[in-house]
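The structure appears below as structure tokens.
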Amino acid sequence: MPTLDRHDNVFVLDLGDGENRFHPDWLTAVSAALDEVEKAEGPRALVTAATGKFYSNGLDLDWLFAHADQHQDYVVSVHELFARMLSLPLVTVAALQGHTFAAGAMFSLAHDFRVMRADRGYWCLPEADINIPFTPGMAALIQSRLAPQTAHEAMLTARRYGGNDAATAGIVDQAVGEDAVRSAAIDIAQAQVNKAGDTLGTIKARMYAPTLATLRDTTSPLG
């Protein structure tokens, strides 16, 4: 399960050491951690990271198939996680040390910055290959955070981007060695801790207003 630590003014949320899929209990734990970060006072920023082979493999499809009657509520909760991360009133950095797939890749896009391991691991939106269409909220998030041609390629071809290719495409801001992923993310975050506060929250809310509105649509989240 996710755990929250703090390095000076930078909170580090470790998502776990498994596939870090979005099980409802995992979503609850991440939400509680974000509550703690958001309620803290003074300079601060947030890094999300993970331990092991995966950053996140996204939706917990096994749970979802076993609870089909809760499909819409589950998607609403995932959308709310994306919206919350996108609009947090502090700088956020995703440290992608391992595979970052599907909704896990979308979660990374909801951060302000991304650092990825250069030599191993892929960032991928596989929905076209696994026959699961993007929800309107997911599509809005991806298209608001990636250049049009990159979003087009990533969404339509399910390309697996290695770290260097992801950096070239603008999906991530840096591609670094395995040992430097988390430290590089913390360095980016630490440089921005004084930005935390209402002004930054307002900037984000206005910058991403259409995307946030789509993600927070609870009437027809599935389209």
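To be explicit about the labels: the chains of the structure tokens are called A, B, and onward in the order shown, and within each one the residues are counted from 1, while ligands get numbers from 1 in the order they are shown.
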Within 9 Å of range 65-89 of chain A: each range 113-164 of chain A residue with its shortest pair, only C-alpha atoms, as a Markdown table:
```
| residue | atom | partner | partner_atom | distance |
| --- | --- | --- | --- | --- |
| A:Thr135 | CA | A:Val75 | CA | 8.8 |
| A:Gly137 | CA | A:His79 | CA | 6.8 |
| A:Met138 | CA | A:His79 | CA | 7.5 |
| A:Leu141 | CA | A:Phe82 | CA | 8.1 |
```
Write the residues of the selection above to a file with all heavy atoms, as a short mmCIF file (atom, residue, chain, number, x, y, z; two decimals), in the first residue's frame.
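Output file result23.cif is given in full below:
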```
data_model
loop_
_atom_site.label_atom_id
_atom_site.label_comp_id
_atom_site.auth_asym_id
_atom_site.auth_seq_id
_atom_site.Cartn_x
_atom_site.Cartn_y
_atom_site.Cartn_z
N THR A 135 -12.16 7.10 -21.62
CA THR A 135 -13.33 7.88 -21.23
C THR A 135 -13.13 9.33 -21.68
O THR A 135 -11.99 9.75 -21.98
CB THR A 135 -13.52 7.86 -19.71
OG1 THR A 135 -12.42 8.55 -19.10
CG2 THR A 135 -13.63 6.43 -19.18
N GLY A 137 -13.08 11.92 -19.88
CA GLY A 137 -12.15 12.55 -18.95
C GLY A 137 -10.71 12.15 -19.19
O GLY A 137 -9.80 12.99 -19.12
N MET A 138 -10.49 10.89 -19.46
CA MET A 138 -9.14 10.41 -19.74
C MET A 138 -8.59 11.06 -21.01
O MET A 138 -7.44 11.50 -21.04
CB MET A 138 -9.15 8.89 -19.88
CG MET A 138 -9.43 8.14 -18.60
SD MET A 138 -9.64 6.36 -18.90
CE MET A 138 -9.88 5.76 -17.22
N LEU A 141 -7.67 14.65 -20.33
CA LEU A 141 -6.43 14.77 -19.57
C LEU A 141 -5.22 14.57 -20.47
O LEU A 141 -4.28 15.38 -20.47
CB LEU A 141 -6.41 13.73 -18.44
CG LEU A 141 -5.09 13.59 -17.67
CD1 LEU A 141 -4.73 14.88 -16.95
CD2 LEU A 141 -5.16 12.42 -16.69
#
```
Running DSSP on the backbone, which parts of range 18-195 of chain A land in strand (DSSP E or B), as an MDAnalysis selection string?
-> chainID A and resid 22 45:49 54:56 59 92:96 99:101 113:117 123:124 160:161 174:176
Go ahead and dump the residues you just picked, N, CA, C and O atoms, as a compact mmCIF listing (two decimals), in the first residue's frame.
```txt
# COMPACT_ATOMS: atom_id res chain seq x y z
N PHE A 22 -5.08 0.40 -9.42
CA PHE A 22 -5.99 1.29 -8.70
C PHE A 22 -7.11 0.51 -8.02
O PHE A 22 -8.30 0.67 -8.35
N ALA A 45 6.19 20.56 -1.65
CA ALA A 45 5.95 20.00 -2.97
C ALA A 45 5.78 18.50 -2.80
O ALA A 45 6.02 17.96 -1.71
N LEU A 46 5.37 17.82 -3.86
CA LEU A 46 5.08 16.39 -3.78
C LEU A 46 5.77 15.63 -4.89
O LEU A 46 5.70 16.02 -6.06
N VAL A 47 6.41 14.52 -4.52
CA VAL A 47 6.93 13.55 -5.47
C VAL A 47 6.17 12.25 -5.26
O VAL A 47 5.99 11.80 -4.13
N THR A 48 5.68 11.65 -6.35
CA THR A 48 5.17 10.28 -6.26
C THR A 48 6.19 9.37 -6.91
O THR A 48 6.80 9.72 -7.93
N ALA A 49 6.39 8.22 -6.30
CA ALA A 49 7.40 7.27 -6.76
C ALA A 49 6.87 5.87 -6.48
O ALA A 49 5.75 5.70 -5.99
N PHE A 54 7.36 -1.72 -11.38
CA PHE A 54 6.27 -0.90 -11.89
C PHE A 54 6.16 0.42 -11.14
O PHE A 54 6.35 0.46 -9.92
N TYR A 55 5.83 1.48 -11.88
CA TYR A 55 5.31 2.69 -11.24
C TYR A 55 3.82 2.47 -11.00
O TYR A 55 3.36 2.51 -9.88
N SER A 56 3.08 2.19 -12.07
CA SER A 56 1.68 1.79 -11.93
C SER A 56 1.19 1.18 -13.23
O SER A 56 1.47 1.69 -14.31
N LEU A 59 -5.68 0.75 -13.94
CA LEU A 59 -6.92 0.23 -13.39
C LEU A 59 -6.76 -1.21 -12.90
O LEU A 59 -6.07 -2.01 -13.53
N THR A 92 3.96 19.14 -8.29
CA THR A 92 3.99 17.69 -8.20
C THR A 92 4.92 17.12 -9.26
O THR A 92 4.97 17.61 -10.39
N VAL A 93 5.66 16.08 -8.90
CA VAL A 93 6.62 15.45 -9.80
C VAL A 93 6.45 13.94 -9.68
O VAL A 93 6.45 13.38 -8.58
N ALA A 94 6.32 13.25 -10.81
CA ALA A 94 6.24 11.79 -10.85
C ALA A 94 7.61 11.21 -11.16
O ALA A 94 8.24 11.59 -12.15
N ALA A 95 8.08 10.31 -10.32
CA ALA A 95 9.36 9.63 -10.52
C ALA A 95 9.07 8.23 -11.05
O ALA A 95 8.68 7.33 -10.31
N LEU A 96 9.25 8.05 -12.36
CA LEU A 96 8.84 6.82 -13.04
C LEU A 96 10.03 5.87 -13.14
O LEU A 96 10.77 5.88 -14.12
N HIS A 99 7.65 0.42 -15.20
CA HIS A 99 6.59 0.47 -16.20
C HIS A 99 5.45 1.38 -15.74
O HIS A 99 5.00 1.32 -14.59
N THR A 100 4.98 2.20 -16.67
CA THR A 100 3.94 3.17 -16.39
C THR A 100 2.91 3.04 -17.51
O THR A 100 3.11 3.55 -18.60
N PHE A 101 1.83 2.31 -17.23
CA PHE A 101 0.90 1.90 -18.28
C PHE A 101 -0.52 2.40 -17.99
O PHE A 101 -0.93 2.53 -16.84
N PHE A 113 5.40 17.61 -13.48
CA PHE A 113 6.64 17.19 -14.13
C PHE A 113 6.80 15.68 -13.97
O PHE A 113 6.24 15.07 -13.06
N ARG A 114 7.63 15.10 -14.86
CA ARG A 114 7.89 13.67 -14.82
C ARG A 114 9.37 13.41 -15.08
O ARG A 114 9.97 14.01 -15.99
N VAL A 115 9.93 12.49 -14.31
CA VAL A 115 11.30 12.00 -14.52
C VAL A 115 11.19 10.49 -14.72
O VAL A 115 10.50 9.80 -13.96
N MET A 116 11.85 9.96 -15.75
CA MET A 116 11.73 8.54 -16.08
C MET A 116 13.10 7.89 -16.19
O MET A 116 14.08 8.53 -16.59
N ARG A 117 13.14 6.64 -15.82
CA ARG A 117 14.36 5.86 -15.99
C ARG A 117 14.68 5.70 -17.48
O ARG A 117 13.80 5.39 -18.28
N TRP A 123 6.61 3.67 -20.89
CA TRP A 123 5.41 4.49 -20.67
C TRP A 123 4.49 4.19 -21.84
O TRP A 123 4.90 4.30 -23.00
N CYS A 124 3.24 3.82 -21.55
CA CYS A 124 2.38 3.34 -22.64
C CYS A 124 0.91 3.54 -22.31
O CYS A 124 0.47 3.33 -21.17
N ARG A 160 4.92 1.89 -27.05
CA ARG A 160 5.65 1.80 -25.79
C ARG A 160 6.88 2.70 -25.88
O ARG A 160 7.79 2.42 -26.65
N TYR A 161 6.89 3.74 -25.09
CA TYR A 161 8.01 4.69 -25.10
C TYR A 161 9.00 4.34 -24.00
O TYR A 161 8.65 4.28 -22.82
N GLN A 174 12.64 14.57 -18.02
CA GLN A 174 14.01 14.08 -17.95
C GLN A 174 14.01 12.56 -18.02
O GLN A 174 13.09 11.91 -17.52
N ALA A 175 15.05 12.01 -18.65
CA ALA A 175 15.31 10.57 -18.60
C ALA A 175 16.70 10.41 -18.00
O ALA A 175 17.68 10.96 -18.51
N VAL A 176 16.78 9.67 -16.89
CA VAL A 176 18.03 9.58 -16.13
C VAL A 176 18.31 8.13 -15.76
O VAL A 176 17.49 7.24 -15.99
```
Hey, can you check how far CA of Met207 in chain A sits from CA of Gly98 in chain A?
->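 Going from CA of Met207 in chain A over to CA of Gly98 in chain A, I get 29.4 Å.
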Which residue gives the smallest distance to Pro136 in chain A among A:Ala166, A:Leu212, A:Val91, A:Ala110, with only C-alpha atoms counted?
-> A:Leu212
DSSP-assigned alpha helix (DSSP H) members of range 35-205 of chain A, reported as a PyMOL selection string | chain A and resi 35-39+61-66+71-87+103-109+127-130+136-145+148-157+163-168+181-190+198-205
What gap, in Å, lies between CA of Lys195 in chain A and CA of Arg44 in chain A?
->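 Distance reported for this atom pair: 8.0 Å.
Considering the residues A:Pro43, A:Asp112, A:His7, A:His152 and counting only C-alpha atoms, Lys204 in chain A has its shortest atom-to-atom contact with A:Asp112.
Of note, CA of Asn20 in chain A and CA of Asp5 in chain A are spaced 17.5 Å apart.
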Between A:Phe107, A:Val12, A:Ala118, A:Glu41, which is the closest to Leu27 in chain A once you count only C-alpha atoms?
->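 Closest candidate: A:Phe107.
Counting only C-alpha atoms and comparing A:Ala154, A:Ala167, A:Leu222, A:Ala147, the residue that lies closest to Pro133 in chain A is A:Leu222.
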Pick from A:Arg216, A:Arg120, A:Leu109, A:Ala196 nearest to Lys39 in chain A, counting only C-alpha atoms = A:Ala196
Using only C-alpha atoms, find the one residue out of A:Leu15, A:Met155, A:Val10, A:Val37 that sits nearest to Gly52 in chain A.
-> A:Leu15
Any idea what's packed within 7 Å of Pro126 in chain A, counting only C-alpha atoms, ignoring anything in its chain fewer than 3 positions away? Could you give it as a list in words?
-> Ala102, Asp129, Ile130 and Ala158 of chain A
